[in-house]
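Chemist: A single structure is presented below for examination.
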Amino acid sequence: MGKTEKYLYDAISEKGFIHITLIDPEKMDRIEEVVKAAEAAGSSAFMVGGSTSHKTSDYEEAIARVKSNSRLPVIIFPSNVASVARGADAIWFMSLLNSMNPYYIIGAQVLGIKTIREFGLETIPMAYLILGTGGAAGYVGDAKPIPFEIPELAVGYAMAAEALGFRFVYLEAGSGAKTHVPEKLVSMVKKSISIPLIVGGGIREGTVAENIVASGADIIVTGDVLEETCAIRDKLSEIIEGGRRGALKRNSKGFKTCC
């Protein structure tokens with residue numbers, strides 16, 4: 001386990017859950033403002049990535065700007081081999097398990113690993129699952145989104161991911177999703193695995209964050225909502241405080257975190 005991955009595990013163990021702020025390399029007008037607000041509000045790390053981002057130079061610029069304004073870890077959230085960039089602490093070495101295109105399951109990983117090693121990026125194995133309507137991530141990744149109404153499918157994928165050796169599972173409602181992953185589905189998946197569960201997409205209010213974390217999410221990710229508000233710190237504080245309430249609820253039920 002590398003330094004960044006250990007940091008994530010330790011932070012989850014200490015706080016009950018963590019929040020990660022997602023930065024899109026194609027939307028860099030307010031990066032400094034977002035980064036400073038996120039750290040002040042209690043976010044634990046940054047992810048840099050976007051479904052339609054295809055320029056390595058954009059990733060490297062975004063990473064550098066995050067790094068110059070925060071000491072929190074920066075993890076690349078790749079969409080293709082062009083996402084492999086210098087300067088980050090780690091990269092989610094992820095497989096879109098419900099893609100219909102082998103490129104997103106294993107092809108990009110094969111093409112990118114030599115550069116990842118050359119750049120000295122820590123790899124964190126993560127199974128990525130797209131649910132609901134899928135959004136831009138589902139379209140670009142040629143995914144067959146898992147219906148919210150069939151949580152058993154998500155459970156099966158998550159269990160298989162852990163058996164295959166992935167160390168994180170990410171449930172994604174889709175880029176710009178209007179609806180978050182249902183709490184029942186989150187709970188069913190969490191009860192079926194012992195590795196950390198990440199949930200992203202559609203988390204726009206503190207009450208939603210509270211319910212998602214109470215249902216079993218170890219990590220919640222927000223990105224699009226920060227592009228939609230002027231009061232970035234206030235919105236992040238609302239979401240993170242909601243997550244804290246959710247962690248307390250989960251602990252009171254004896255529902256343990258992953259770590």
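Scheme for the structure tokens: letters A, B, ... for chains in order shown; per-chain residue numbers from 1; ligand numbers from 1 in order shown.
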Do a neighbour search on Val199 in chain A at 6 Å with only C-alpha atoms, toss out local chain neighbours closer than 6 positions, and write the hits as a PyMOL selection string.

Modeler: chain A and resi 170-171+220

Chemist: Would you output that residue set with N, CA and C atoms, as a PDB file, in the first residue's frame?

Modeler:
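selection-v3.pdb, written as the output of this step:
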ATOM      1  N   TYR A 170     -16.081   2.213  -6.702  1.00  0.00           N
ATOM      2  CA  TYR A 170     -16.659   3.545  -6.916  1.00  0.00           C
ATOM      3  C   TYR A 170     -18.004   3.385  -7.618  1.00  0.00           C
ATOM      4  N   LEU A 171     -19.068   3.835  -6.957  1.00  0.00           N
ATOM      5  CA  LEU A 171     -20.407   3.866  -7.551  1.00  0.00           C
ATOM      6  C   LEU A 171     -20.645   5.266  -8.098  1.00  0.00           C
ATOM      7  N   ILE A 220     -17.165  10.257  -0.267  1.00  0.00           N
ATOM      8  CA  ILE A 220     -18.088  10.888  -1.204  1.00  0.00           C
ATOM      9  C   ILE A 220     -17.306  11.904  -2.028  1.00  0.00           C
TER      10      ILE A 220
END

Chemist: Can you list, as an MDAnalysis selection string, every residue of range 143-225 of chain A that DSSP puts in strand (DSSP E)?

Modeler: chainID A and resid 168:175 197:200 219:222

Chemist: Generate the output file for the selected residues, C-alpha atoms, as a tab-separated table (two decimals), in the first residue's frame.

Modeler:
chain	number	residue	atom	x	y	z
A	168	PHE	CA	-11.74	0.46	-3.79
A	169	VAL	CA	-15.19	0.35	-5.43
A	170	TYR	CA	-16.66	3.54	-6.92
A	171	LEU	CA	-20.41	3.87	-7.55
A	172	GLU	CA	-20.89	6.67	-10.09
A	173	ALA	CA	-24.27	8.20	-10.86
A	174	GLY	CA	-22.72	9.99	-13.84
A	175	SER	CA	-21.15	13.33	-14.64
A	197	LEU	CA	-16.81	2.32	-1.00
A	198	ILE	CA	-16.76	5.59	-2.95
A	199	VAL	CA	-19.99	7.26	-4.10
A	200	GLY	CA	-20.21	10.18	-6.52
A	219	ILE	CA	-15.80	8.41	0.53
A	220	ILE	CA	-18.09	10.89	-1.20
A	221	VAL	CA	-17.01	12.92	-4.23
A	222	THR	CA	-18.42	16.22	-5.44

Chemist: Looking at only C-alpha atoms, which of A:Ala160, A:Val140, A:Val74, A:Ala85 is the one that sits closest to Glu118 in chain A?

Modeler: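 That would be A:Ala85, the residue with the smallest distance to Glu118 in chain A.
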
Chemist: Please identify all polymer residues within 6 Å of Ala82 in chain A, counting only C-alpha atoms, omitting same-chain residues fewer than 4 positions from it, and present them as a list in words.

Modeler: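 Once the nearby chain positions are removed, what remains is His54, Lys55 and Thr56 of chain A.
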
Chemist: With N, CA and C atoms kept, could you save the residues just selected as a compact mmCIF listing (two decimals), in the first residue's frame?

Modeler:
# COMPACT_ATOMS: atom_id res chain seq x y z
N HIS A 54 -9.10 15.48 -22.69
CA HIS A 54 -8.22 14.64 -23.49
C HIS A 54 -6.85 15.27 -23.73
N LYS A 55 -6.47 16.29 -22.96
CA LYS A 55 -5.18 16.94 -23.16
C LYS A 55 -4.32 16.77 -21.90
N THR A 56 -3.20 16.10 -22.05
CA THR A 56 -2.30 15.89 -20.92
C THR A 56 -1.87 17.23 -20.32

Chemist: Can you list, as a PyMOL selection string, every residue of range 165-254 of chain A that DSSP puts in helix (DSSP H, G or I)?

Modeler: chain A and resi 183-192+206-214+224-227+232-252

Chemist: Name the closest residue to Ile239 in chain A among the candidates A:Val208, A:Val155, A:Arg86, A:Ala177; distances are taken between atoms, counting only C-alpha atoms.

Modeler: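 Between A:Val208, A:Val155, A:Arg86, A:Ala177, the residue approaching Ile239 in chain A most closely is A:Val208.
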
Chemist: Just give me the gap between CA of Ser95 in chain A and CA of Arg204 in chain A in Å, one decimal is fine.

Modeler: 25.9 Å

Chemist: Could you list, as a list in words, every residue within 7 Å of range 40-53 of chain A, counting only C-alpha atoms and ignoring same-chain residues fewer than 3 positions away?

Modeler: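 Near range 40-53 of chain A, the qualifying residues are Ile18, His19, Ile20, Thr21, Leu22, Ile23, Asp24, Pro25, Glu26, Lys36, Ala37, Ile63, Leu72, Pro73, Val74, Ile75, Ile76, Phe77, Pro78, Ser79, Ala136, Ala137, Val140, Arg233, Leu236, Ser237 and Ile240 of chain A.
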